[in-house]
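Raw contents of final-v9.csv, CSV, C-alpha atoms:
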chain,number,residue,atom,x,y,z
A,1,MET,CA,107.1,102.9,101.6
A,2,ARG,CA,110.2,105.1,100.9
A,3,ILE,CA,111.3,104.6,104.5
A,4,ALA,CA,111.1,100.8,104.1
A,5,LYS,CA,113.1,101.0,100.9
A,6,LEU,CA,115.8,103.1,102.6
A,7,LEU,CA,116.0,100.7,105.5
A,8,VAL,CA,116.4,97.7,103.1
A,9,VAL,CA,119.2,99.5,101.3
A,10,LEU,CA,121.0,100.4,104.5
A,11,MET,CA,120.7,96.8,105.7
A,12,MET,CA,122.1,95.4,102.4
A,13,VAL,CA,125.0,97.8,102.6
A,14,ALA,CA,125.7,96.8,106.2
A,15,MET,CA,125.6,93.1,105.3
A,16,PHE,CA,127.8,93.6,102.3
A,17,SER,CA,130.4,95.5,104.4
A,18,MET,CA,130.4,92.8,107.1
A,19,ALA,CA,130.8,90.0,104.5
A,20,CYS,CA,133.7,91.9,102.9
A,21,SER,CA,135.4,92.4,106.2
A,22,GLN,CA,135.2,88.7,107.0
A,23,THR,CA,136.6,87.4,103.6
A,24,GLY,CA,139.8,89.4,103.6
A,25,ASP,CA,139.5,89.8,99.8
A,26,LYS,CA,142.6,91.7,98.7
A,27,ARG,CA,140.8,93.3,95.7
A,28,ILE,CA,138.2,94.8,98.0
A,29,ALA,CA,140.8,95.7,100.6
A,30,ASP,CA,142.4,98.0,98.0
A,31,GLN,CA,139.3,100.1,97.7
A,32,PRO,CA,138.9,103.0,100.1
A,33,GLY,CA,136.3,102.9,102.8
A,34,TYR,CA,135.8,99.1,103.2
A,35,GLY,CA,138.1,98.6,106.2
A,36,VAL,CA,139.2,95.2,104.8
A,37,VAL,CA,142.8,94.0,105.1
A,38,SER,CA,144.8,91.5,103.2
A,39,VAL,CA,144.5,87.8,104.0
A,40,ALA,CA,147.9,88.0,105.8
A,41,GLU,CA,146.6,90.7,108.2
A,42,LYS,CA,143.9,90.5,110.8
A,43,ALA,CA,140.9,92.9,110.3
A,44,ALA,CA,140.2,95.4,113.0
A,45,PRO,CA,136.9,94.7,114.8
A,46,LEU,CA,133.9,96.6,113.5
A,47,PRO,CA,132.8,99.5,115.7
A,48,LYS,CA,129.5,99.0,117.7
A,49,ILE,CA,126.9,101.2,116.0
A,50,ALA,CA,123.4,101.7,117.4
A,51,LYS,CA,120.7,101.1,114.8
A,52,ILE,CA,118.1,103.7,115.7
A,53,GLN,CA,114.8,103.9,113.9
A,54,GLU,CA,112.1,105.7,115.8
A,55,ILE,CA,109.2,108.0,115.1
A,56,VAL,CA,107.9,110.9,117.2
A,57,TYR,CA,104.3,111.9,116.4
A,58,PHE,CA,102.7,115.3,116.7
A,59,ASP,CA,99.1,116.5,117.0
A,60,PHE,CA,97.5,118.5,114.2
A,61,ASP,CA,99.1,121.9,113.7
A,62,LYS,CA,101.4,121.4,116.7
A,63,LYS,CA,105.2,121.4,117.2
A,64,VAL,CA,105.2,120.3,120.8
A,65,VAL,CA,106.2,116.7,121.4
A,66,ARG,CA,103.3,114.6,122.5
A,67,GLU,CA,103.4,113.0,126.0
A,68,ASP,CA,103.3,109.5,124.5
A,69,SER,CA,106.6,110.2,122.6
A,70,LEU,CA,108.7,111.3,125.5
A,71,GLN,CA,109.6,107.7,126.3
A,72,THR,CA,110.8,107.3,122.7
A,73,LEU,CA,113.1,110.4,123.2
A,74,ASP,CA,114.4,108.9,126.4
A,75,LYS,CA,115.2,105.6,124.7
A,76,VAL,CA,117.0,107.4,121.8
A,77,ALA,CA,119.1,109.5,124.2
A,78,GLU,CA,120.2,106.4,126.2
A,79,LEU,CA,121.2,104.7,122.9
A,80,MET,CA,123.2,107.7,121.9
A,81,LYS,CA,125.0,107.8,125.3
A,82,ALA,CA,125.9,104.2,124.9
A,83,ASN,CA,127.1,104.7,121.3
A,84,PRO,CA,128.7,108.1,121.3
A,85,ASP,CA,130.0,107.8,117.7
A,86,THR,CA,126.5,107.4,116.3
A,87,VAL,CA,125.0,110.3,114.3
A,88,LEU,CA,121.3,110.9,114.0
A,89,ALA,CA,119.3,112.2,111.1
A,90,LEU,CA,115.9,113.8,111.9
A,91,THR,CA,113.3,114.4,109.2
A,92,GLY,CA,110.3,116.5,109.9
A,93,HIS,CA,107.0,115.9,108.2
A,94,THR,CA,103.4,117.2,108.1
A,95,ASP,CA,100.0,116.1,106.8
A,96,LYS,CA,98.5,117.4,103.6
A,97,TYR,CA,96.5,120.3,105.2
A,98,GLY,CA,97.8,123.8,104.8
A,99,SER,CA,100.0,125.6,102.3
A,100,ASP,CA,103.3,124.3,101.2
A,101,GLU,CA,105.1,127.3,102.8
A,102,TYR,CA,103.3,126.7,106.2
A,103,ASN,CA,103.9,123.0,106.2
A,104,LEU,CA,107.6,123.4,105.4
A,105,SER,CA,107.9,125.8,108.4
A,106,LEU,CA,105.9,123.4,110.7
A,107,SER,CA,107.9,120.4,109.7
A,108,LYS,CA,111.2,122.3,110.3
A,109,ALA,CA,109.9,123.4,113.7
A,110,ARG,CA,109.0,119.8,114.6
A,111,ALA,CA,112.5,118.6,113.7
A,112,GLU,CA,114.1,121.4,115.7
A,113,THR,CA,111.9,120.6,118.6
A,114,VAL,CA,112.9,116.9,118.6
A,115,LYS,CA,116.6,117.9,118.3
A,116,ALA,CA,116.2,120.3,121.3
A,117,GLU,CA,114.5,117.6,123.3
A,118,LEU,CA,117.4,115.2,122.6
A,119,VAL,CA,120.0,117.8,123.4
A,120,SER,CA,118.3,118.5,126.7
A,121,ARG,CA,118.7,114.8,127.4
A,122,GLY,CA,122.4,114.9,126.9
A,123,VAL,CA,122.8,114.1,123.2
A,124,PRO,CA,125.5,116.4,121.6
A,125,ALA,CA,123.9,118.8,119.1
A,126,ASP,CA,126.6,118.3,116.6
A,127,MET,CA,125.6,114.6,116.3
A,128,ILE,CA,122.2,115.5,115.1
A,129,SER,CA,121.3,116.7,111.6
A,130,ILE,CA,117.8,117.8,110.6
A,131,GLU,CA,115.8,118.0,107.3
A,132,TRP,CA,112.2,118.9,106.7
A,133,PHE,CA,109.8,118.1,103.9
A,134,GLY,CA,106.5,119.6,104.7
A,135,LYS,CA,103.8,117.5,103.0
A,136,GLY,CA,106.2,116.3,100.4
A,137,ASN,CA,106.7,112.8,101.9
A,138,LEU,CA,103.3,111.6,102.9
A,139,ILE,CA,103.4,107.9,104.0
A,140,SER,CA,99.8,107.3,104.8
A,141,LYS,CA,96.2,108.3,104.1
A,142,ILE,CA,95.8,108.4,107.8
A,143,HIS,CA,96.7,112.0,108.5
A,144,LYS,CA,98.0,111.6,112.0
A,145,GLU,CA,100.7,109.1,110.8
A,146,ASN,CA,102.1,111.9,108.6
A,147,ARG,CA,102.6,114.3,111.5
A,148,ARG,CA,106.0,113.0,112.5
A,149,VAL,CA,109.7,113.3,112.9
A,150,LEU,CA,111.6,110.3,111.8
A,151,ILE,CA,114.8,109.5,113.8
A,152,LEU,CA,117.4,107.4,112.1
A,153,SER,CA,121.0,106.6,113.0
A,154,VAL,CA,123.4,107.2,110.2
A,155,ASP,CA,126.5,105.1,109.6
What would you get if you wrote out this structure as structure tokens?
Amino acid sequence: MRIAKLLVVLMMVAMFSMACSQTGDKRIADQPGYGVVSVAEKAAPLPKIAKIQEIVYFDFDKKVVREDSLQTLDKVAELMKANPDTVLALTGHTDKYGSDEYNLSLSKARAETVKAELVSRGVPADMISIEWFGKGNLISKIHKENRRVLILSVD
């Protein structure tokens, strides 16, 4: 649910930014960060940014990427190569089993594993940030859906 809300907010911000860049509104153009110019000037084209939203799943108590997720990592790596200015945010998660300390360690290891896999596929390490939450962000009562690393592109 939180992921869906985050995606809706990101989409709304992107749509607002695009609308502002097309109107040429001088008041908005004076605000930093909008990339809007005055009516008399032509706005620069918006950069092409990959919208990446993928999930890599893990087996119980494992930090090794499952075979069925390797294709997802290949896809993300290709998108990153085609869009070299894109930055990725990886978030590691676990299910509810185990202690808080253990789950934080496992979710960190999962995020680090996905980062290492992407780097081995040619994605620059400095374009990937990681966070980990342990069992703090459960999204489902189906435990295997919580054993994941979420991959999102960041604008």
Hey, could you make a per-residue contact list for stretch 70-134 of chain A against stretch 142-148 of chain A with 9 Å as the cut-off, showing the nearest pair of atoms and its distance in Å to one decimal, counting all atoms listed in the file, sorted by chain and number, as a Markdown table?
| residue | atom | partner | partner_atom | distance |
| --- | --- | --- | --- | --- |
| A:Thr91 | CA | A:Arg148 | CA | 8.1 |
| A:Gly92 | CA | A:Arg148 | CA | 6.1 |
| A:His93 | CA | A:Arg148 | CA | 5.3 |
| A:Thr94 | CA | A:Arg147 | CA | 4.5 |
| A:Asp95 | CA | A:Asn146 | CA | 5.0 |
| A:Lys96 | CA | A:His143 | CA | 7.5 |
| A:Tyr97 | CA | A:His143 | CA | 8.9 |
| A:Ser107 | CA | A:Arg148 | CA | 8.1 |
| A:Arg110 | CA | A:Arg148 | CA | 7.7 |
| A:Ala111 | CA | A:Arg148 | CA | 8.7 |
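When atom CA of A:Ile52 is paired with atom CA of A:Asn137, their separation reads 20.1 Å.
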Exercise. State, in Å with one decimal place, the distance from atom CA of A:Met127 to atom CA of A:Lys63.
Key: 21.5 Å
Exercise. Could you tell me how far atom CA of A:Ser129 lies from atom CA of A:Leu106, in Å and to one decimal?
Key: 16.8 Å
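The closest residue to A:Val76, picked from A:Leu104, A:Tyr57, A:Ala109, A:Glu117 and counting all atoms listed in the file, is A:Glu117.
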Self-check item: Residue nearest A:Ala77 among A:Glu112, A:Glu131, A:Glu54, A:Asp100 (counting only C-alpha atoms)
Solution: A:Glu54
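When all atoms listed in the file are used to measure the gap to A:Gly134, the shortest distance among A:Asp61, A:Asp74, A:Asp85, A:Glu101 belongs to A:Glu101.
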Self-check item: Minimum-distance residue to A:Tyr102, chosen among A:Val119, A:Ala125, A:Lys135, A:Leu79 (using only C-alpha atoms)
Solution: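 For A:Tyr102, the nearest of the given residues is A:Lys135.
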Exercise. Tell me which of A:Val123, A:Ala89, A:Leu138, A:Ala116 sits closest to A:Lys51, counting only C-alpha atoms.
Key: A:Ala89
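Of the residues listed (A:Asn83, A:Ile128, A:Ser140, A:Val64), A:Ile128 shows the shortest atom-to-atom separation from A:Lys115; distances use only C-alpha atoms.
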